[in-house]
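S.K.: Input: one structure, supplied below.
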Amino acid sequence: MKIAKVIVDVPANQTDRYFDYLVPEEWMEEDFLQPGMRVVVPFGPRKIQGFIMGISEHTDVKKLKCLDSVLDITPVLTPELLELGIWLRETTLCFLITAYQAMLPAAMKVKYEKEFHIRNSKEIILWKDIENDKKLLPSIQKEIKNGNIEVIYRVKDRAKKKRVKTIQPAIPKEELIEVYNSLATTAMKQKEVIKHFIEQPQKIELQVLLEDLSTTSSPITTLVKKGILLEHYDEVYRDPYEHRSFKRTEPLPLTEEQRNAITPILDTIENKQHAVFLMYGVTGSGKTEIYLQAIDKVLKQGKEAIMLVPEISLTPMMVDRFKGRFGDEVAVMHSGLSTGEKYDEWRKVQRKEVRVVVGARSAIFAPFENLGIIIIDEEHETSYKQEENPRYHARDVAIKRGANHNCPVILGSATPSLESFARAQKNVYQLLTLKGRINARSLPSVEIVDMREELRRGNRSMFSEVLLEKVKDRLEKGEQSVLFLNRRGFSTFVMCRNCGYVLNCPHCDISLTYHKRDYKLKCHYCSYEEALPSTCPECNSEHIRFFGTGTQKVEEELAKILPEARVIRMDVDTTSRKGAHEKLLHAFGQKQADILLGTQMIAKGLDFPDVTFVGVLTADTMLHIPDFRSSEKTFQLLTQVSGRAGRHHLPGEVVIQTYSPEHFSIELAAVPDYETYYCREMLLRKNFHYPPFYYLALITISHPELPKVVDITEKISKFITAKLSNKAIVLGPVASPIPRIKDRYRYQCMIKYKDEPNLGKSLQTLLHHYQQEMSRSELQISIDMNPYMMM
DNA sequence: AGCACGCCGACT
DNA sequence: GTCGGCGTGCTC
C-alpha cells in the first residue's frame, strides 16, 4: 500500500498540513508519482488541486480516499523548490499552498467548476450560469434531494499548450503523382494541393498552406479522408519575441576596474562557492557587461543563471542585450506577457531548453536545478518585495537559493539599499566598487532650485525660471527634455475656498484626485469615482479650487506656456493599455516629442541620446510620506533621474525644484555622494531603531467597525509585548497612515527587534487564535515580516 | 474555502 | 409542531 502526502489548495490555517491519500494500483509503479506533481484529490464533497509532498508506506488515517488524477507527468516543483516553500512559510508566515502557487505561472493554478447533471439525460447545467438565478436555485436543490440531479465538481487545468495543425503527405512522391493524374479536372483545388506536396513534400502549417494556395480547408479535409494527406497537431510556443531578430553581440573588453570586480565573482563560480557580492557602481560604469560575462562563464560550466530586473526596466532594450548575447538560451518573464506566454516561457525552463532567465520578481522561482549564478540588478528597488502573501523579498529568496546551489549571488546598484551596504561594510557581503563611468563621460551638472525663493520673487507657477529657460533652450536646439513629477492625475486634492471643505473618498480616509481627461474625481485606493461638483457640497459656494500638482496639470500648463512643444505624458493612466508603455518610449526615442513628462516609471533604464536636460518638478513629494525609508527613496530616485541626462555625446544638465533644498537626501543626490548619504542616514536609523539596526514586523488589523479594530489591536500589542524580551520595541496600537480603505478601519502594531527567536512562533499563535474570527467575521490581520509599505 | 451538522426563533 | 437562520467544526 502506498500513501501520498498531499498539500491541498485550500489556503486556511486548518488545512495547512499534509492530507493522506491512497495511491491507485495503476500508479503504484516505482517512481511514477513524485513529489512536486500536481494532483486532483477528493476533499469533502468536492474535488480540488493538490501538490504531492512525498510518498510513504504508512498512515495514521483510517478511512483513506484515493487520489483522483494527476495533472503532470513531470513534477512542476523541484525538490529544492518544495523545500524553499517550507522556508517561505516559516519566514513570511504564509500557508504552504500560497508559497507554492507563487512559484508557478498563473496558468498552473486550476479553475474549479460545479456542474449539475440531470439523471437519465445528457443535459448539463453549469453553476456559473445559474448561480444568480434566484428562481432556479430552490428547484435544483429539491431535485438534488430527490436524486434526480447529481452535483459534479470539475477541476480544470488552464495550462493549455498552444497547438497548430500541420499537414504532410501520407504517401510517397510517386503515388502522389499517380493520384494527381487520376483526379478529375473538376477537383482543381485538390490537384493544386497535391502538386504542392509533389514539389515540397515536407510538413507545413495548415494556415500557411491555405494562404499559399489561397483556398479553404475543404479540399484538404477530403484528401485527409482519402488517406493521401496526414494531419497532425504540433505543439508550439507562444513566442513574444517571434518577429524580432537579435543582433549577436560579443563580450566587450573590460576596463581595469571591471576586471577587478569580475575576478572574485569568476573565482567563486570556478570553485562552486556560495557568496554574496554587492556591486556598487555608478550609472554607466558597465555593470551589465560584468553580468553578461559572469553568466557566460556559468553557461560554459553547463549551469544556469537567473537575472532579476525591476519590472519597469524590463524594456525591449534590456531584453535585446541578453538575447543578443545568449540568443535562444534566454527566457523572459514579466507581467507584460499573457498568461499563455508566461506559461510557455516557464516551460522552456522546465524542459531545460533555456539556461538563462531574465525576469521580474517572481522569476526568482525559475525551476532550474543546476543554478550557477543569481543576479539582482537595481538591488535597492522596492518592487522586489511582494506586497501580498507570501510577502517575500526576492533578495532573501535569491540568497537562500544561492546557498542551496552553492553559487554566487550578485546584488548590483548605483545606490544600494542601506541594508545591503551595511552588510557589505560588515563583510557579510563582498563589496565590489565601480567608480568610473565608461568612456569617462562626465556626470551632468545639477542645480537645486528653492521654490520658496521663487514664490517670494512672485513666481507662482510650478516651473522655476531656470527650469523653463532650460526647456526653452533645448527646444530651440532640437534637443530633448525629461520632466519628472511623482504624482499622477491633475490635482492632489480639491478644496472649497469658501468653507475649507476638502472632497474625500466616501470609502477611504483619503482626498480625491481630479482627473481632467474625464472630468472625474477619483480615489487612488479604491475604484471610487464621481463627477466633479460645480458647487461645494457643504456650503454651495462656487469657489471650488484644485490644489497640488499632478502630471495632467503640468501637461496643460506646458501647453499654455510652450504651445509649440510636443509633449508625451507617461503615467499609470496613459500606459495601462498593453504595449502602451513601449509605444510611448519608442515615439520619444524617434524624436516625435520634445518633452517626456512622467512619474516614477520614466526614471529607470531610459537611455535617449538626445536628452540633455532633466527637470524634477517637486523633489519633496516623496520625502513627506510617513515611511522611514522616504529619505532613502528620495535620494535613490533623484540620483537615478539625474543620471538620465547627457549620457552620450551631449553634456547634460539637471534642475531639481524643491521646498526643502537643505534636506541632506536632496543635497547629496545632487552631488551625488552616496557614501556621505549612507553615513548620515545610518545615524538616523540607529537613533530611531530602524533597519538595518533593527528588524521590523508590521501587523495590520482591519475591520468595518472602528471600536473592534482598536480593541483587537490593543489585545495583540499586549500579547506580543508579553511574549518578547524587553529589548524588543512594540509600537501600537496606532491608526495606519491611511486609517480607512474601502470602508475598513485600519490599525497597526509595529515590532522592532534584534534577536527574538520566539517571535515567529508567537505571531503564529496569534494568527491561530484569531483564525475563526478572521474566516467568519470581517476581521483581517496581515503580518509583514519585513515591511516596505507602511500605509 | 466550502459544506454539513446542529441548535434556537417565527411561522403554517 | 416544523422551516430555516447562521454559529461550529471538518475535510485524508
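How things are named: the first chain in the C-alpha cells is A, the next is B, and so on; residues count from 1 in each chain; ligands count from 1 in the order shown.
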Please, which residues of chain A lie no more than 6 Å from chain C when the count uses only C-alpha atoms (C1' of nucleotides), and can they be set out as number ranges by chain?
M.R.: A: 19-21, 43-44, 64
S.K.: Residues of chain A within 8 Å of chain B, counting only C-alpha atoms (C1' of nucleotides) - could you list those as a compact mmCIF listing (two decimals) with N, CA and C atoms, in the first residue's frame?
M.R.:
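Now in result_32.txt:
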# COMPACT_ATOMS: atom_id res chain seq x y z
N VAL A 10 -6.30 24.76 -0.37
CA VAL A 10 -7.22 25.49 0.50
C VAL A 10 -6.37 26.34 1.43
N PRO A 11 -6.25 27.63 1.14
CA PRO A 11 -5.40 28.46 1.97
C PRO A 11 -6.07 28.80 3.29
N ALA A 12 -5.94 27.93 4.27
CA ALA A 12 -6.52 28.17 5.58
C ALA A 12 -5.63 27.53 6.63
N GLY A 44 -13.65 16.45 1.06
CA GLY A 44 -15.04 16.64 1.43
C GLY A 44 -15.88 16.25 0.23
N PRO A 45 -16.91 17.02 -0.08
CA PRO A 45 -17.77 16.66 -1.20
C PRO A 45 -17.21 17.05 -2.57
S.K.: Identify all residues of range 140-264 of chain A in helix (DSSP H, G or I) (DSSP on the backbone) and supply them as a ChimeraX atom specification.
M.R.: /A:140-146,173-182,188-199,206-213,218-225,256-264
S.K.: Identify, on the basis of only C-alpha atoms (C1' of nucleotides), every residue whose closest approach to Lys226 in chain A does not exceed 12 Å; exclude the query and any residue fewer than 3 positions from it along the same chain; express the result as a ChimeraX atom specification.
M.R.: /A:169-171,179,190,219-223,229-231
S.K.: Excluding same-chain residues fewer than 5 positions from Val357 in chain A, what lies within 9 Å of it counting only C-alpha atoms (C1' of nucleotides), as a PDB file with N, CA and C atoms, in the first residue's frame?
M.R.:
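Dumped everything to part-v1.pdb:
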ATOM      1  N   GLU A 304      23.140  27.098 -14.954  1.00  0.00           N
ATOM      2  CA  GLU A 304      22.092  28.027 -15.348  1.00  0.00           C
ATOM      3  C   GLU A 304      22.171  29.341 -14.567  1.00  0.00           C
ATOM      4  N   ALA A 305      21.465  30.362 -15.080  1.00  0.00           N
ATOM      5  CA  ALA A 305      21.544  31.689 -14.470  1.00  0.00           C
ATOM      6  C   ALA A 305      20.182  32.351 -14.375  1.00  0.00           C
ATOM      7  N   ILE A 306      19.969  33.059 -13.256  1.00  0.00           N
ATOM      8  CA  ILE A 306      18.768  33.888 -13.104  1.00  0.00           C
ATOM      9  C   ILE A 306      19.207  35.336 -12.993  1.00  0.00           C
ATOM     10  N   MET A 307      18.567  36.184 -13.780  1.00  0.00           N
ATOM     11  CA  MET A 307      18.878  37.612 -13.750  1.00  0.00           C
ATOM     12  C   MET A 307      17.580  38.347 -13.442  1.00  0.00           C
ATOM     13  N   LEU A 308      17.525  39.004 -12.288  1.00  0.00           N
ATOM     14  CA  LEU A 308      16.323  39.756 -11.932  1.00  0.00           C
ATOM     15  C   LEU A 308      16.520  41.223 -12.228  1.00  0.00           C
ATOM     16  N   GLU A 329      19.070  30.842 -25.635  1.00  0.00           N
ATOM     17  CA  GLU A 329      19.247  30.320 -24.276  1.00  0.00           C
ATOM     18  C   GLU A 329      18.449  31.122 -23.263  1.00  0.00           C
ATOM     19  N   VAL A 330      17.767  32.204 -23.727  1.00  0.00           N
ATOM     20  CA  VAL A 330      17.135  33.131 -22.794  1.00  0.00           C
ATOM     21  C   VAL A 330      15.613  33.013 -22.782  1.00  0.00           C
ATOM     22  N   ALA A 331      15.029  32.912 -21.593  1.00  0.00           N
ATOM     23  CA  ALA A 331      13.580  33.058 -21.427  1.00  0.00           C
ATOM     24  C   ALA A 331      13.346  34.374 -20.701  1.00  0.00           C
ATOM     25  N   VAL A 332      12.251  35.053 -21.057  1.00  0.00           N
ATOM     26  CA  VAL A 332      11.948  36.341 -20.443  1.00  0.00           C
ATOM     27  C   VAL A 332      10.625  36.238 -19.692  1.00  0.00           C
ATOM     28  N   MET A 333      10.619  36.671 -18.450  1.00  0.00           N
ATOM     29  CA  MET A 333       9.381  36.589 -17.657  1.00  0.00           C
ATOM     30  C   MET A 333       9.044  37.941 -17.061  1.00  0.00           C
ATOM     31  N   GLU A 345       7.092  30.416 -21.451  1.00  0.00           N
ATOM     32  CA  GLU A 345       8.454  30.794 -21.051  1.00  0.00           C
ATOM     33  C   GLU A 345       8.889  29.932 -19.868  1.00  0.00           C
ATOM     34  N   VAL A 349      12.007  26.714 -19.397  1.00  0.00           N
ATOM     35  CA  VAL A 349      12.940  26.479 -18.288  1.00  0.00           C
ATOM     36  C   VAL A 349      12.791  25.053 -17.789  1.00  0.00           C
ATOM     37  N   ALA A 363      10.489  35.645 -11.113  1.00  0.00           N
ATOM     38  CA  ALA A 363      11.424  34.801 -11.869  1.00  0.00           C
ATOM     39  C   ALA A 363      12.465  34.174 -10.954  1.00  0.00           C
ATOM     40  N   ILE A 364      12.529  34.644  -9.712  1.00  0.00           N
ATOM     41  CA  ILE A 364      13.482  34.068  -8.757  1.00  0.00           C
ATOM     42  C   ILE A 364      13.131  32.597  -8.472  1.00  0.00           C
ATOM     43  N   ALA A 366      12.327  30.412 -10.818  1.00  0.00           N
ATOM     44  CA  ALA A 366      12.530  29.618 -12.030  1.00  0.00           C
ATOM     45  C   ALA A 366      13.032  28.223 -11.656  1.00  0.00           C
TER      46      ALA A 366
END
S.K.: Can you list, as an NGL selection string, every protein, DNA or RNA residue that comes within 9 Å of range 615-632 of chain A when you count only C-alpha atoms (C1' of nucleotides), leaving out same-chain residues fewer than 2 positions away?
M.R.: :A and (417-418 or 451 or 462-464 or 467 or 471 or 481-487 or 613 or 634-638 or 641-642 or 653-661 or 663-666 or 677-678 or 681 or 685 or 690 or 737 or 788-791)
S.K.: Quick one: residues within 12 Å of Phe547 in chain A, only C-alpha atoms (C1' of nucleotides) counted, chain neighbours fewer than 6 positions away excluded, as a list in words?
M.R.: Met462, Gly489, Phe490, Ser491, Thr492, Phe493, Val494, Met495, Cys496, Arg497, Gly500, Val502, Leu503, Ser511, Leu512, Thr513, Tyr514 and Lys553 of chain A
S.K.: Go ahead and save the residues from that selection, with C-alpha atoms, as a JSON list (two decimals), in the first residue's frame.
M.R.:
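Result went into part08.json, see below:
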[["chain", "number", "residue", "atom", "x", "y", "z"],
["A", 462, "MET", "CA", 5.11, 75.20, -11.00],
["A", 489, "GLY", "CA", -3.79, 62.94, -12.10],
["A", 490, "PHE", "CA", -4.46, 66.65, -12.24],
["A", 491, "SER", "CA", -4.54, 67.82, -8.67],
["A", 492, "THR", "CA", -3.91, 66.07, -5.39],
["A", 493, "PHE", "CA", -6.88, 67.48, -3.59],
["A", 494, "VAL", "CA", -9.92, 69.62, -4.23],
["A", 495, "MET", "CA", -10.98, 72.18, -1.67],
["A", 496, "CYS", "CA", -13.71, 74.77, -1.28],
["A", 497, "ARG", "CA", -12.14, 78.17, -0.81],
["A", 500, "GLY", "CA", -12.38, 74.84, 3.51],
["A", 502, "VAL", "CA", -11.97, 69.01, 1.16],
["A", 503, "LEU", "CA", -13.53, 66.40, -1.10],
["A", 511, "SER", "CA", -8.69, 63.02, -0.57],
["A", 512, "LEU", "CA", -9.97, 62.56, -4.10],
["A", 513, "THR", "CA", -7.77, 63.34, -7.06],
["A", 514, "TYR", "CA", -9.15, 65.26, -10.00],
["A", 553, "LYS", "CA", -1.92, 69.70, -14.79]]
